[in-house]
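In what follows, a single structure is set out as structure tokens and then discussed.
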Amino acid sequence: MPELPEVESLRRALQPRLAGRRLGRVRIHQRSLRYPVPAAALHRHLPGRRILRLRRRAKYLLFDLEDGPALVIHLGMTGRLALVGSRSLLETHDHIAFGLDGRQELRFNDARRFGLVDVVAPQGEPRHRLFRHLGVEPLSPDFSGDAMYRLSRGRRAPIKAFLMDARIVVGVGNIYASEALFVAGIHPRRAAGRIGPARWQRLAGAVRHVLDEAIHHGGTTLRDFLNFGGDPGGYGERLRVYDREDEPCERCATPLRRIVQSGRSTYYCPACQV
DNA sequence: CGGTGGACCTGCTGGC
DNA sequence: TGCCAGCAGGTCCACC
């Protein structure tokens, strides 16, 4: 599922169904995720506490709990959350079930186990190791072409890698990095430090635009992944370049290309992006 | 310091 | 039909 728009769509879907409800027993079926599941902390801090609201920071989902710490969930590559009846059968890779009032459970499922679950103290969050080094939120007012221009001076990394560096800007993953660069007309291999102020302005606008647009359509679903409600996210068919190698560019009809950068696929138009 | 590549896992697809 | 390399939307860390 999960870049910023998918996590944000999930947050918006879950918030009205979970805010105000009380957590019950936590059942852990698999303790080995990206980090070992902190079982003792989950059992100690969650049962009996009300969920106040859901927040998102970068690609992390945070459940603020009444009078206590926050539950943190990251979906990694294949993480999913499902709200189900407590008696419904466990599916393959259902790793943790968070009991809820009303005989329901929130289940965390993650085939590849790159996701993580943790508990953070309310005050400790900014200093927590997961959050300490995170860069700017791309949908916040702090994100601007000017700021990115300044941060990128002297950087020789290709712009694609720079956009995906969470220490600079969070939430932009492999799909939306390609999409934003296409919209801005910038070649993914261009050095970040060699993009001028005017083009950074366009690029920042493009990042914000593609993320907003994707959230609006409920995120992207590719292959067999599903959104929270079981609906496929509506944005997949609107992707301009991602996963469209050899298809004609929508602007100039040149066949789109796929290259590999830092081990990840990048898609772009060799004519429109310079 | 800054940048790249491998590691962590499982599952699906496409080419032979 | 069956097998297997290659690939998948993330992040961290060792190494150059």
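Every chain in the structure tokens has a letter given in the order shown (A, B, ...), and although residue numbers restart at 1 in each chain, ligands are simply numbered from 1 in the order shown.
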Could the residues of chain A within 12 Å of chain C, counting only C-alpha atoms (C1' of nucleotides), be given as an MDAnalysis selection string, please? chainID A and resid 1:7 34:35 58:60 74:79 111:116 129:130 164:167 170:178 219:225 236 242:243 260 263:265
Write down as a ChimeraX atom specification the residues belonging to segment 35-273 of chain A that are assigned strand (DSSP E) by DSSP computed on the backbone. /A:51-57,60-65,70-74,79-85,94-100,104-110,116-120,257-261,264-268
Just write the chosen residues, N, CA and C atoms, as a compact mmCIF listing (two decimals), in the first residue's frame.
```
# COMPACT_ATOMS: atom_id res chain seq x y z
N ILE A 51 -8.99 5.35 22.43
CA ILE A 51 -8.27 5.98 21.32
C ILE A 51 -8.82 7.39 21.15
N LEU A 52 -7.96 8.37 21.24
CA LEU A 52 -8.43 9.75 21.10
C LEU A 52 -8.54 10.14 19.64
N ARG A 53 -7.48 9.91 18.90
CA ARG A 53 -7.49 10.27 17.48
C ARG A 53 -6.31 9.63 16.77
N LEU A 54 -6.34 9.67 15.45
CA LEU A 54 -5.26 9.12 14.65
C LEU A 54 -4.51 10.25 13.97
N ARG A 55 -3.20 10.15 14.01
CA ARG A 55 -2.36 11.12 13.33
C ARG A 55 -1.44 10.38 12.38
N ARG A 56 -0.85 11.15 11.46
CA ARG A 56 0.16 10.60 10.57
C ARG A 56 1.39 11.46 10.64
N ARG A 57 2.56 10.84 10.74
CA ARG A 57 3.82 11.56 10.61
C ARG A 57 4.63 10.74 9.63
N TYR A 60 4.24 6.95 9.10
CA TYR A 60 3.84 6.32 10.36
C TYR A 60 2.42 6.74 10.72
N LEU A 61 1.66 5.77 11.21
CA LEU A 61 0.32 6.03 11.71
C LEU A 61 0.42 6.03 13.23
N LEU A 62 -0.09 7.09 13.87
CA LEU A 62 -0.02 7.18 15.34
C LEU A 62 -1.42 7.22 15.92
N PHE A 63 -1.67 6.34 16.88
CA PHE A 63 -2.95 6.31 17.58
C PHE A 63 -2.72 6.96 18.94
N ASP A 64 -3.23 8.17 19.13
CA ASP A 64 -3.08 8.83 20.44
C ASP A 64 -4.04 8.19 21.41
N LEU A 65 -3.52 7.77 22.54
CA LEU A 65 -4.36 7.10 23.54
C LEU A 65 -4.60 8.03 24.71
N ALA A 70 1.36 6.67 22.76
CA ALA A 70 0.71 6.48 21.48
C ALA A 70 1.18 5.15 20.87
N LEU A 71 0.24 4.50 20.18
CA LEU A 71 0.56 3.29 19.43
C LEU A 71 1.04 3.73 18.05
N VAL A 72 2.16 3.19 17.62
CA VAL A 72 2.74 3.55 16.32
C VAL A 72 2.72 2.33 15.42
N ILE A 73 2.23 2.52 14.20
CA ILE A 73 2.25 1.43 13.22
C ILE A 73 2.84 1.95 11.91
N HIS A 74 3.79 1.19 11.38
CA HIS A 74 4.31 1.47 10.04
C HIS A 74 4.01 0.25 9.17
N GLY A 79 2.19 -3.99 4.57
CA GLY A 79 1.33 -3.96 5.74
C GLY A 79 -0.10 -3.53 5.42
N ARG A 80 -1.06 -4.13 6.12
CA ARG A 80 -2.46 -3.75 5.97
C ARG A 80 -3.13 -3.75 7.34
N LEU A 81 -4.18 -2.97 7.47
CA LEU A 81 -4.98 -3.00 8.68
C LEU A 81 -6.41 -3.32 8.29
N ALA A 82 -7.05 -4.18 9.07
CA ALA A 82 -8.45 -4.51 8.79
C ALA A 82 -9.23 -4.48 10.09
N LEU A 83 -10.43 -3.92 10.02
CA LEU A 83 -11.33 -3.88 11.17
C LEU A 83 -12.35 -5.00 10.97
N VAL A 84 -12.30 -5.98 11.86
CA VAL A 84 -13.12 -7.19 11.65
C VAL A 84 -13.78 -7.62 12.96
N GLY A 85 -14.76 -8.50 12.87
CA GLY A 85 -15.36 -9.12 14.05
C GLY A 85 -14.32 -9.97 14.77
N ASP A 94 -1.66 -12.49 9.46
CA ASP A 94 -2.26 -11.64 10.49
C ASP A 94 -1.36 -11.77 11.71
N HIS A 95 -0.61 -10.71 12.03
CA HIS A 95 0.41 -10.83 13.08
C HIS A 95 -0.06 -10.34 14.44
N ILE A 96 -0.86 -9.29 14.45
CA ILE A 96 -1.30 -8.73 15.73
C ILE A 96 -2.77 -8.37 15.63
N ALA A 97 -3.54 -8.71 16.67
CA ALA A 97 -4.96 -8.33 16.74
C ALA A 97 -5.15 -7.42 17.95
N PHE A 98 -5.58 -6.19 17.68
CA PHE A 98 -5.86 -5.24 18.75
C PHE A 98 -7.35 -5.30 19.06
N GLY A 99 -7.69 -5.83 20.22
CA GLY A 99 -9.09 -5.94 20.59
C GLY A 99 -9.73 -4.56 20.77
N LEU A 100 -11.03 -4.49 20.43
CA LEU A 100 -11.78 -3.24 20.57
C LEU A 100 -13.11 -3.54 21.24
N GLN A 104 -15.02 -6.19 18.17
CA GLN A 104 -14.27 -6.05 16.93
C GLN A 104 -12.78 -6.07 17.24
N GLU A 105 -12.00 -6.22 16.20
CA GLU A 105 -10.55 -6.17 16.33
C GLU A 105 -9.96 -5.42 15.16
N LEU A 106 -8.87 -4.76 15.41
CA LEU A 106 -8.07 -4.18 14.35
C LEU A 106 -6.90 -5.13 14.13
N ARG A 107 -6.81 -5.67 12.91
CA ARG A 107 -5.76 -6.66 12.66
C ARG A 107 -4.68 -6.12 11.74
N PHE A 108 -3.46 -6.37 12.16
CA PHE A 108 -2.29 -5.96 11.39
C PHE A 108 -1.77 -7.17 10.64
N ASN A 109 -1.77 -7.07 9.32
CA ASN A 109 -1.34 -8.15 8.44
C ASN A 109 -0.17 -7.64 7.61
N ASP A 110 0.88 -8.45 7.48
CA ASP A 110 2.05 -7.97 6.75
C ASP A 110 2.88 -9.14 6.23
N LEU A 116 6.32 -2.26 11.26
CA LEU A 116 6.68 -2.25 12.67
C LEU A 116 5.52 -1.73 13.51
N VAL A 117 5.54 -2.18 14.77
CA VAL A 117 4.56 -1.72 15.75
C VAL A 117 5.35 -1.31 16.99
N ASP A 118 5.01 -0.17 17.57
CA ASP A 118 5.72 0.29 18.76
C ASP A 118 4.80 1.15 19.60
N VAL A 119 5.27 1.47 20.78
CA VAL A 119 4.54 2.35 21.69
C VAL A 119 5.50 3.48 22.05
N VAL A 120 5.05 4.74 21.90
CA VAL A 120 5.93 5.85 22.26
C VAL A 120 5.26 6.73 23.30
N ARG A 257 10.31 5.15 -20.40
CA ARG A 257 11.43 4.27 -20.08
C ARG A 257 11.44 3.87 -18.62
N ARG A 258 12.05 2.70 -18.40
CA ARG A 258 12.34 2.27 -17.03
C ARG A 258 13.84 2.16 -16.86
N ILE A 259 14.36 2.77 -15.80
CA ILE A 259 15.77 2.60 -15.45
C ILE A 259 15.81 2.18 -13.98
N VAL A 260 16.99 1.75 -13.53
CA VAL A 260 17.13 1.37 -12.12
C VAL A 260 18.07 2.37 -11.45
N GLN A 261 17.61 2.94 -10.34
CA GLN A 261 18.43 3.85 -9.54
C GLN A 261 18.44 3.35 -8.10
N ARG A 264 16.13 0.62 -7.35
CA ARG A 264 14.67 0.76 -7.50
C ARG A 264 14.33 1.21 -8.92
N SER A 265 13.18 0.77 -9.42
CA SER A 265 12.74 1.17 -10.75
C SER A 265 12.32 2.63 -10.78
N THR A 266 12.77 3.31 -11.82
CA THR A 266 12.31 4.68 -12.06
C THR A 266 11.70 4.71 -13.45
N TYR A 267 10.58 5.38 -13.60
CA TYR A 267 9.92 5.51 -14.90
C TYR A 267 9.90 6.98 -15.28
N TYR A 268 10.14 7.25 -16.57
CA TYR A 268 10.16 8.65 -16.99
C TYR A 268 10.03 8.74 -18.51
```
Per-residue nearest contacts chain B to chain A, cut-off 9 Å, using only C-alpha atoms (C1' of nucleotides), as a tab-separated table:
```
residue	atom	partner	partner_atom	distance
B:DG2	C1'	A:Arg155	CA	7.9
B:DG3	C1'	A:Ala157	CA	6.6
B:DT4	C1'	A:Ser262	CA	6.5
B:DG5	C1'	A:Ser262	CA	7.1
B:DC8	C1'	A:Phe114	CA	7.3
B:DC9	C1'	A:Arg112	CA	4.4
B:DT10	C1'	A:Arg112	CA	5.0
B:DG11	C1'	A:Ala111	CA	8.1
```
Could you pull out the residues in segment 2-247 of chain A that DSSP calls helix (DSSP H, G or I) from the backbone, as a PyMOL selection string? chain A and resi 4-18+39-45+125-127+145-152+159-163+174-184+192-194+197-216+236-238
